[in-house]
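In what follows, a single structure is set out as structure tokens and then discussed.
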Amino acid sequence: MEKLQITEFVKKSFDKPDEILDFPGNKLQQVKLGNFTISRIEFEPGWNWSETLPPIIGTETCQFEHPILMVISGRFAVKMDDDGTTQEFGPGDIGMIPPGHDAWVVGDEPVTAFDIQVSDPGNKLR
């Protein structure tokens, strides 16, 4: 594996994100740093991927991978399409989620999570 070379000293803030994406029941604020896109995602209580995003994204469940996902507050569940495996995430949990899953907020508290991706300039959701 090739080592990442950091050649630039950069500071950015979610107070001035590079991009904001508003969807029904959730909001993504994205900051781009070198080869990475870091998203702060806020989900409202009652939000469910398969009930809100299929007409917008064009797939029945989420087909994006989440190499690093870290939950700061609230709880949400993820169910894999292929085998039905379900995991619940809460504050302090970190995980990797492959493509092909549904996700929803658990309980009445909003969820705040960070998603860290290798940048893909052709993907507006990253």
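All residue names refer to the structure tokens as shown: chains lettered A, B, ... in order, residues numbered from 1 in each chain, ligands numbered from 1 in order.
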
**Message:** Based on the backbone DSSP call, show me all residues of chain A assigned helix (DSSP H, G or I), as an MDAnalysis selection string.
**Reply:** chainID A and resid 49:52 54:57

Each region 16-60 of chain A residue no farther than 9 Å from region 84-103 of chain A, nearest pair in Å, only C-alpha atoms, as JSON lines:
{"residue": "A:Trp47", "atom": "CA", "partner": "A:Ala103", "partner_atom": "CA", "distance": 8.5}
{"residue": "A:Asn48", "atom": "CA", "partner": "A:Ala103", "partner_atom": "CA", "distance": 5.9}
{"residue": "A:Trp49", "atom": "CA", "partner": "A:Ala103", "partner_atom": "CA", "distance": 5.4}
{"residue": "A:Ser50", "atom": "CA", "partner": "A:Asp102", "partner_atom": "CA", "distance": 6.1}
{"residue": "A:Glu60", "atom": "CA", "partner": "A:Asp102", "partner_atom": "CA", "distance": 8.5}

Output file for the residues above (C-alpha atoms, as a PDB file, in the first residue's frame):
ATOM      1  CA  TRP A  47     -35.463   9.171   9.102  1.00  0.00           C
ATOM      2  CA  ASN A  48     -35.157   5.952   7.072  1.00  0.00           C
ATOM      3  CA  TRP A  49     -33.017   5.541   3.939  1.00  0.00           C
ATOM      4  CA  SER A  50     -35.428   3.231   2.097  1.00  0.00           C
ATOM      5  CA  GLU A  60     -33.964   1.032  -3.203  1.00  0.00           C
TER       6      GLU A  60
END

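Considering the residues A:Leu53, A:Ile38, A:Val71, A:Ile20 and counting only C-alpha atoms, Thr112 (chain A) has its shortest atom-to-atom contact with A:Val71.
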
**Prompt:** Which of these residues is nearest to Glu51 (chain A), using only C-alpha atoms: A:Trp104, A:Lys12, A:Phe64, A:Asp18?
**Reply:**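 Nearest candidate to Glu51 (chain A) out of A:Trp104, A:Lys12, A:Phe64, A:Asp18: A:Trp104.
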
**Asked** What is the distance, in Å and to one decimal place, between CA of Gly46 (chain A) and CA of Arg75 (chain A)?
**Response** 11.3 Å

**Complete:** Using only C-alpha atoms, the residue out of A:Pro67, A:Pro45, A:Gly58, A:Gly34 with shortest distance to Phe9 (chain A) is A:Gly34

Between region 7-32 of chain A and region 41-44 of chain A, at 6 Å or less, what are the per-residue closest atom pairs and their distances in Å? Count only C-alpha atoms, order by chain and rising residue number, and return it as a Markdown table.
| residue | atom | partner | partner_atom | distance |
| --- | --- | --- | --- | --- |
| A:Gly25 | CA | A:Glu44 | CA | 5.2 |
| A:Asn26 | CA | A:Phe43 | CA | 4.4 |
| A:Lys27 | CA | A:Glu42 | CA | 5.3 |
| A:Leu28 | CA | A:Ile41 | CA | 4.5 |

Any chance you can output those residues with N, CA and C atoms as a PDB file, in the first residue's frame?
ATOM      1  N   GLY A  25     -35.077  14.786   5.809  1.00  0.00           N
ATOM      2  CA  GLY A  25     -34.712  14.156   7.069  1.00  0.00           C
ATOM      3  C   GLY A  25     -33.237  14.046   7.353  1.00  0.00           C
ATOM      4  N   ASN A  26     -32.385  14.492   6.441  1.00  0.00           N
ATOM      5  CA  ASN A  26     -30.957  14.497   6.750  1.00  0.00           C
ATOM      6  C   ASN A  26     -30.219  15.565   5.959  1.00  0.00           C
ATOM      7  N   LYS A  27     -29.084  15.961   6.518  1.00  0.00           N
ATOM      8  CA  LYS A  27     -28.270  17.028   5.936  1.00  0.00           C
ATOM      9  C   LYS A  27     -26.814  16.596   5.999  1.00  0.00           C
ATOM     10  N   LEU A  28     -26.079  16.797   4.893  1.00  0.00           N
ATOM     11  CA  LEU A  28     -24.658  16.499   4.838  1.00  0.00           C
ATOM     12  C   LEU A  28     -23.898  17.799   4.640  1.00  0.00           C
TER      13      LEU A  28
END
